[in-house]
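> This is the structure, below, for whatever I ask next.
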Amino acid sequence: MSRGVKSLFSLSTLLASFFGAAMIAGAFAYFNYKFSEYKFVDFKEWLFYEQKDIFVPKEEKYIVVFYSSKDAKSNEFLANANLNLPILAIDYYSQMYPNTQNTTFLRAGTKTTLSFIQRFNIYETPSIFFIKKTKESLYKQDSMIRKIDNLNELSHQIEEL
C-alpha cells in the first residue's frame with residue numbers, strides 16, 4: 001500500500017501565499033492612503049498678500065507656520081527666526097507685518113484663510129508643516145501638520161532634519 005503522497009500545492013501553502021499577498025496589498029494601500037493625505041496649495045488659486053503685493057513663491061521649499069498675531073511671543077520668534085528654510089508665516093488675524101530676511105508674513109481674505117484652514121485641517125495655532133514645489137506655483141505638503149506649543153521648539157526640530 002502506498003502512503004498518502006503530499007502534494008506540492010498543499011492547503012497550508014495556498015493559505016500562506018494568500019495571507020502574504022494580502023499583507024503586501026494592505027501595506028501598499030496604507031502607504032498610498034497616507035501619501036494621498038498630503039494636500040496641495042496653488043498660489044495662483046489662493047491669493048496671499050505680503051504687505052500690499054500678491055505673494056509669488058520663489059523658493060523650492062518652505063516652512064509654513066499658521067499662527068496667531070495676538071500671541072506676542074509668536075510674532076517675536078517669527079520676526080527673528082533664522083532657520084535653514086524660509087518661513088511663510090500666515091496670520092489667523094491677517095495683520096500686516098514687514099518681512100524679515102528669512103520670514104515672509106502673509107495675510108489673506110476670509111475666504112482664502114478659511115479654505116486654507118479647511119484644506120490642511122488646522123485646529124490649533126501655531127501649527128507648522130513643510131511644502132515643496134511640484135510645478136510653477138503648485139506646492140505639495142511635504143510633512144505632517146504639527147502643533148507647536150512653543151515656537152522655539154521649531155528651531156530645534158528643523159536642525160534635526
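Starting from 1 in every chain, residues are counted up; chains themselves are A, B, ... following the order of the C-alpha cells, and ligands are numbered from 1 as listed.
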Which neighbours of Ser94 of chain A fall inside 8 Å, counting only C-alpha atoms, when residues of the same chain fewer than 6 positions from it are skipped, and could you give them as a PyMOL selection string?
chain A and resi 106-109
> I'd like to know which residues of segment 84-119 of chain A are helix (DSSP H, G or I) (by DSSP, run on the backbone); could you write them as number ranges by chain?
A: 110-119
> Filtering to C-alpha atoms, could you give me those residues as a PDB file, in the first residue's frame?

ATOM      1  CA  THR A 110     -11.516  85.437   4.929  1.00  0.00           C
ATOM      2  CA  LYS A 111     -12.430  83.003   2.137  1.00  0.00           C
ATOM      3  CA  THR A 112      -8.792  82.095   1.464  1.00  0.00           C
ATOM      4  CA  THR A 113      -7.982  81.759   5.168  1.00  0.00           C
ATOM      5  CA  LEU A 114     -10.978  79.503   5.802  1.00  0.00           C
ATOM      6  CA  SER A 115     -10.186  77.412   2.719  1.00  0.00           C
ATOM      7  CA  PHE A 116      -6.580  77.078   3.891  1.00  0.00           C
ATOM      8  CA  ILE A 117      -7.647  76.013   7.398  1.00  0.00           C
ATOM      9  CA  GLN A 118     -10.122  73.517   5.983  1.00  0.00           C
ATOM     10  CA  ARG A 119      -7.788  72.038   3.355  1.00  0.00           C
TER      11      ARG A 119
END
> One decimal, in Å: what's the spacing between atom CA of Met144 of chain A and atom CA of Ile54 of chain A?
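These two atoms are separated by 26.7 Å.
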> For Tyr49 of chain A, list every protein, DNA or RNA residue within 12 Å, evaluated using only C-alpha atoms, and leave out those in the same chain fewer than 3 positions away; present the list as a list in words.
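So, after excluding close chain neighbours, the residues are Phe43, Lys44, Trp46, Lys52, Asp53, Ile54, Phe55, Val56, Pro57, Leu88, Ala89, Ile90, Asp91, Ser94, Gln95, Met96, Tyr97, Pro98, Asn99, Thr104, Phe105, Leu106, Arg107, Ala108, Gly109, Thr112 and Thr113 of chain A.
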> Write the residues you've just listed into a file as an mmCIF file, in the first residue's frame, and include N, CA and C atoms for each of them.

data_model
loop_
_atom_site.group_PDB
_atom_site.id
_atom_site.type_symbol
_atom_site.label_atom_id
_atom_site.label_comp_id
_atom_site.auth_asym_id
_atom_site.auth_seq_id
_atom_site.Cartn_x
_atom_site.Cartn_y
_atom_site.Cartn_z
ATOM 1 N N PHE A 43 -0.659 78.697 -5.398
ATOM 2 C CA PHE A 43 -0.605 80.113 -5.068
ATOM 3 C C PHE A 43 -1.204 81.004 -6.157
ATOM 4 N N LYS A 44 -1.591 80.416 -7.293
ATOM 5 C CA LYS A 44 -2.349 81.176 -8.288
ATOM 6 C C LYS A 44 -3.834 81.138 -7.946
ATOM 7 N N TRP A 46 -5.111 80.495 -4.674
ATOM 8 C CA TRP A 46 -5.303 81.164 -3.389
ATOM 9 C C TRP A 46 -4.361 82.351 -3.325
ATOM 10 N N LYS A 52 1.324 94.915 0.561
ATOM 11 C CA LYS A 52 0.210 95.179 -0.357
ATOM 12 C C LYS A 52 0.321 94.403 -1.664
ATOM 13 N N ASP A 53 1.412 93.661 -1.818
ATOM 14 C CA ASP A 53 1.642 92.901 -3.042
ATOM 15 C C ASP A 53 1.150 91.464 -2.893
ATOM 16 N N ILE A 54 0.770 90.869 -4.023
ATOM 17 C CA ILE A 54 0.392 89.461 -4.031
ATOM 18 C C ILE A 54 1.662 88.635 -3.894
ATOM 19 N N PHE A 55 1.612 87.646 -3.017
ATOM 20 C CA PHE A 55 2.766 86.786 -2.782
ATOM 21 C C PHE A 55 2.960 85.834 -3.957
ATOM 22 N N VAL A 56 4.190 85.787 -4.461
ATOM 23 C CA VAL A 56 4.574 84.852 -5.519
ATOM 24 C C VAL A 56 5.765 84.049 -4.974
ATOM 25 N N PRO A 57 5.595 82.738 -4.803
ATOM 26 C CA PRO A 57 6.686 81.937 -4.231
ATOM 27 C C PRO A 57 7.872 81.829 -5.183
ATOM 28 N N LEU A 88 7.030 80.849 5.699
ATOM 29 C CA LEU A 88 5.820 81.567 5.310
ATOM 30 C C LEU A 88 4.951 81.615 6.564
ATOM 31 N N ALA A 89 4.822 82.775 7.155
ATOM 32 C CA ALA A 89 4.045 82.938 8.377
ATOM 33 C C ALA A 89 2.668 83.476 8.008
ATOM 34 N N ILE A 90 1.665 82.637 8.153
ATOM 35 C CA ILE A 90 0.295 83.014 7.800
ATOM 36 C C ILE A 90 -0.458 83.318 9.083
ATOM 37 N N ASP A 91 -0.906 84.554 9.188
ATOM 38 C CA ASP A 91 -1.568 85.027 10.401
ATOM 39 C C ASP A 91 -3.067 84.773 10.348
ATOM 40 N N SER A 94 -4.797 88.084 10.003
ATOM 41 C CA SER A 94 -4.442 88.832 8.789
ATOM 42 C C SER A 94 -3.885 90.227 9.066
ATOM 43 N N GLN A 95 -3.055 90.334 10.079
ATOM 44 C CA GLN A 95 -2.376 91.601 10.365
ATOM 45 C C GLN A 95 -1.201 91.765 9.408
ATOM 46 N N MET A 96 -0.863 93.011 9.101
ATOM 47 C CA MET A 96 0.230 93.290 8.182
ATOM 48 C C MET A 96 1.516 93.525 8.977
ATOM 49 N N TYR A 97 2.547 92.750 8.676
ATOM 50 C CA TYR A 97 3.858 92.887 9.306
ATOM 51 C C TYR A 97 4.917 92.953 8.228
ATOM 52 N N PRO A 98 5.997 93.683 8.480
ATOM 53 C CA PRO A 98 7.084 93.740 7.489
ATOM 54 C C PRO A 98 7.839 92.408 7.446
ATOM 55 N N ASN A 99 8.229 91.993 6.255
ATOM 56 C CA ASN A 99 9.008 90.766 6.095
ATOM 57 C C ASN A 99 10.394 90.947 6.688
ATOM 58 N N THR A 104 8.543 85.491 5.615
ATOM 59 C CA THR A 104 7.595 86.261 4.831
ATOM 60 C C THR A 104 6.253 86.189 5.548
ATOM 61 N N PHE A 105 5.759 87.338 5.986
ATOM 62 C CA PHE A 105 4.482 87.406 6.687
ATOM 63 C C PHE A 105 3.371 87.548 5.657
ATOM 64 N N LEU A 106 2.440 86.596 5.681
ATOM 65 C CA LEU A 106 1.356 86.584 4.707
ATOM 66 C C LEU A 106 0.025 86.835 5.396
ATOM 67 N N ARG A 107 -0.856 87.429 4.636
ATOM 68 C CA ARG A 107 -2.225 87.609 5.107
ATOM 69 C C ARG A 107 -3.132 87.307 3.922
ATOM 70 N N ALA A 108 -4.404 87.055 4.217
ATOM 71 C CA ALA A 108 -5.333 86.687 3.153
ATOM 72 C C ALA A 108 -6.726 87.112 3.544
ATOM 73 N N GLY A 109 -7.617 87.081 2.577
ATOM 74 C CA GLY A 109 -9.016 87.350 2.844
ATOM 75 C C GLY A 109 -9.646 86.199 3.620
ATOM 76 N N THR A 112 -10.059 82.815 1.643
ATOM 77 C CA THR A 112 -8.792 82.095 1.464
ATOM 78 C C THR A 112 -8.320 81.501 2.781
ATOM 79 N N THR A 113 -8.414 82.255 3.860
ATOM 80 C CA THR A 113 -7.982 81.759 5.168
ATOM 81 C C THR A 113 -8.805 80.549 5.590
#
> What's the 6 Å shell around Lys140 of chain A, counting only C-alpha atoms, without same-chain residues fewer than 2 positions away, as a list in words?
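Near Lys140 of chain A, the qualifying residues are Lys39, Phe40, Ile131 and Lys132 of chain A.
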> Can those selected residues be exported to a file as a PDB file, in the first residue's frame so that it contains N, CA, C and O atoms?

ATOM      1  N   LYS A  39      -1.777  67.403   1.065  1.00  0.00           N
ATOM      2  CA  LYS A  39      -2.572  68.289   0.225  1.00  0.00           C
ATOM      3  C   LYS A  39      -1.676  69.205  -0.607  1.00  0.00           C
ATOM      4  O   LYS A  39      -0.491  69.346  -0.361  1.00  0.00           O
ATOM      5  N   PHE A  40      -2.309  69.864  -1.568  1.00  0.00           N
ATOM      6  CA  PHE A  40      -1.617  70.810  -2.432  1.00  0.00           C
ATOM      7  C   PHE A  40      -2.120  72.221  -2.157  1.00  0.00           C
ATOM      8  O   PHE A  40      -3.262  72.406  -1.745  1.00  0.00           O
ATOM      9  N   ILE A 131       6.224  72.549   2.817  1.00  0.00           N
ATOM     10  CA  ILE A 131       5.712  72.398   1.457  1.00  0.00           C
ATOM     11  C   ILE A 131       6.892  72.365   0.496  1.00  0.00           C
ATOM     12  O   ILE A 131       7.941  72.951   0.764  1.00  0.00           O
ATOM     13  N   LYS A 132       6.688  71.667  -0.624  1.00  0.00           N
ATOM     14  CA  LYS A 132       7.732  71.526  -1.625  1.00  0.00           C
ATOM     15  C   LYS A 132       7.133  71.804  -2.995  1.00  0.00           C
ATOM     16  O   LYS A 132       6.026  71.345  -3.296  1.00  0.00           O
TER      17      LYS A 132
END
> Find the residues around segment 62-69 of chain A up to 8 Å (only C-alpha atoms counted), leave out those fewer than 2 positions away in its own chain, and share them as a list of chain:residue names.
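Returned residues: A:Glu59, A:Glu60, A:Asp71, A:Ala72, A:Ser74, A:Asn75, A:Leu85, A:Pro86, A:Ile87, A:Leu88, A:Ala89, A:Ile90, A:Asp91, A:Tyr92, A:Tyr93, A:Gln95, A:Thr125, A:Pro126, A:Ser127, A:Ile128, A:Phe129, A:Phe130, A:Ile131, A:Lys132.
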> Take the selection from the previous step and output its residues with N, CA, C and O atoms, as a compact mmCIF listing (two decimals), in the first residue's frame.

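Saved to part-v9.txt:
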# COMPACT_ATOMS: atom_id res chain seq x y z
N GLU A 59 11.02 80.10 -3.80
CA GLU A 59 11.88 79.04 -3.28
C GLU A 59 11.29 77.66 -3.61
O GLU A 59 10.11 77.53 -3.91
N GLU A 60 12.14 76.64 -3.52
CA GLU A 60 11.72 75.26 -3.75
C GLU A 60 10.97 74.69 -2.56
O GLU A 60 10.07 73.88 -2.73
N ASP A 71 -0.58 86.48 19.77
CA ASP A 71 0.44 85.91 20.64
C ASP A 71 1.76 86.63 20.36
O ASP A 71 2.41 86.39 19.34
N ALA A 72 2.16 87.51 21.26
CA ALA A 72 3.36 88.34 21.06
C ALA A 72 4.63 87.50 20.92
O ALA A 72 5.53 87.86 20.15
N SER A 74 4.94 84.59 19.53
CA SER A 74 4.99 84.05 18.17
C SER A 74 5.50 85.10 17.19
O SER A 74 6.35 84.82 16.35
N ASN A 75 4.98 86.32 17.31
CA ASN A 75 5.42 87.40 16.42
C ASN A 75 6.92 87.64 16.56
O ASN A 75 7.64 87.79 15.58
N LEU A 85 15.49 76.98 6.26
CA LEU A 85 14.48 77.10 5.21
C LEU A 85 13.69 78.39 5.42
O LEU A 85 13.48 78.81 6.56
N PRO A 86 13.23 79.02 4.33
CA PRO A 86 12.41 80.22 4.50
C PRO A 86 11.06 79.89 5.12
O PRO A 86 10.52 78.80 4.90
N ILE A 87 10.54 80.83 5.88
CA ILE A 87 9.27 80.64 6.58
C ILE A 87 8.18 81.48 5.90
O ILE A 87 8.39 82.65 5.60
N LEU A 88 7.03 80.85 5.70
CA LEU A 88 5.82 81.57 5.31
C LEU A 88 4.95 81.62 6.56
O LEU A 88 4.43 80.58 6.99
N ALA A 89 4.82 82.78 7.16
CA ALA A 89 4.04 82.94 8.38
C ALA A 89 2.67 83.48 8.01
O ALA A 89 2.53 84.63 7.59
N ILE A 90 1.66 82.64 8.15
CA ILE A 90 0.29 83.01 7.80
C ILE A 90 -0.46 83.32 9.08
O ILE A 90 -0.62 82.45 9.94
N ASP A 91 -0.91 84.55 9.19
CA ASP A 91 -1.57 85.03 10.40
C ASP A 91 -3.07 84.77 10.35
O ASP A 91 -3.73 85.13 9.37
N TYR A 92 -3.57 84.20 11.41
CA TYR A 92 -5.01 83.96 11.53
C TYR A 92 -5.80 85.25 11.46
O TYR A 92 -6.88 85.31 10.88
N TYR A 93 -5.25 86.32 12.04
CA TYR A 93 -5.94 87.61 12.10
C TYR A 93 -5.61 88.54 10.94
O TYR A 93 -6.08 89.68 10.90
N GLN A 95 -3.06 90.33 10.08
CA GLN A 95 -2.38 91.60 10.36
C GLN A 95 -1.20 91.76 9.41
O GLN A 95 -0.60 90.80 8.97
N THR A 125 -3.19 76.80 16.91
CA THR A 125 -2.07 77.65 16.49
C THR A 125 -1.05 77.69 17.61
O THR A 125 -1.43 77.62 18.77
N PRO A 126 0.20 77.82 17.30
CA PRO A 126 0.81 77.75 15.96
C PRO A 126 0.93 76.31 15.49
O PRO A 126 1.22 75.42 16.26
N SER A 127 0.69 76.11 14.20
CA SER A 127 0.87 74.82 13.55
C SER A 127 1.87 74.99 12.43
O SER A 127 1.93 76.04 11.80
N ILE A 128 2.66 73.96 12.20
CA ILE A 128 3.67 74.04 11.14
C ILE A 128 3.61 72.82 10.24
O ILE A 128 3.19 71.74 10.66
N PHE A 129 4.05 73.00 9.01
CA PHE A 129 4.28 71.90 8.08
C PHE A 129 5.18 72.42 6.97
O PHE A 129 5.44 73.62 6.86
N PHE A 130 5.69 71.53 6.19
CA PHE A 130 6.59 71.87 5.09
C PHE A 130 5.86 71.72 3.77
O PHE A 130 5.00 70.86 3.63
N ILE A 131 6.22 72.55 2.82
CA ILE A 131 5.71 72.40 1.46
C ILE A 131 6.89 72.36 0.50
O ILE A 131 7.94 72.95 0.76
N LYS A 132 6.69 71.67 -0.62
CA LYS A 132 7.73 71.53 -1.62
C LYS A 132 7.13 71.80 -3.00
O LYS A 132 6.03 71.34 -3.30
> Taking the DSSP secondary structure from the backbone, can you list the residues of segment 20-76 of chain A that are strand (DSSP E), as a PyMOL selection string?
chain A and resi 40-42+49-50+53-54+61-67
> Name the residues in contact with Glu45 of chain A at a cut-off of 10 Å, using only C-alpha atoms, excluding same-chain residues fewer than 3 positions from it; report them as a PDB file with N, CA, C and O atoms, in the first residue's frame.

ATOM      1  N   VAL A  41      -1.264  73.183  -2.414  1.00  0.00           N
ATOM      2  CA  VAL A  41      -1.667  74.580  -2.380  1.00  0.00           C
ATOM      3  C   VAL A  41      -1.163  75.219  -3.677  1.00  0.00           C
ATOM      4  O   VAL A  41       0.000  75.079  -4.040  1.00  0.00           O
ATOM      5  N   ASP A  42      -2.081  75.858  -4.380  1.00  0.00           N
ATOM      6  CA  ASP A  42      -1.741  76.544  -5.620  1.00  0.00           C
ATOM      7  C   ASP A  42      -1.811  78.043  -5.341  1.00  0.00           C
ATOM      8  O   ASP A  42      -2.882  78.577  -5.085  1.00  0.00           O
ATOM      9  N   PHE A  48      -2.453  85.140  -1.411  1.00  0.00           N
ATOM     10  CA  PHE A  48      -1.925  85.611  -0.143  1.00  0.00           C
ATOM     11  C   PHE A  48      -1.190  86.912  -0.433  1.00  0.00           C
ATOM     12  O   PHE A  48      -0.640  87.102  -1.514  1.00  0.00           O
ATOM     13  N   THR A 112     -10.059  82.815   1.643  1.00  0.00           N
ATOM     14  CA  THR A 112      -8.792  82.095   1.464  1.00  0.00           C
ATOM     15  C   THR A 112      -8.320  81.501   2.781  1.00  0.00           C
ATOM     16  O   THR A 112      -7.883  80.348   2.829  1.00  0.00           O
ATOM     17  N   SER A 137       3.551  77.220  -9.641  1.00  0.00           N
ATOM     18  CA  SER A 137       3.047  77.838  -8.413  1.00  0.00           C
ATOM     19  C   SER A 137       2.338  76.819  -7.521  1.00  0.00           C
ATOM     20  O   SER A 137       1.678  77.182  -6.569  1.00  0.00           O
ATOM     21  N   LEU A 138       2.490  75.533  -7.860  1.00  0.00           N
ATOM     22  CA  LEU A 138       1.835  74.455  -7.121  1.00  0.00           C
ATOM     23  C   LEU A 138       2.824  73.820  -6.150  1.00  0.00           C
ATOM     24  O   LEU A 138       3.903  73.379  -6.550  1.00  0.00           O
TER      25      LEU A 138
END
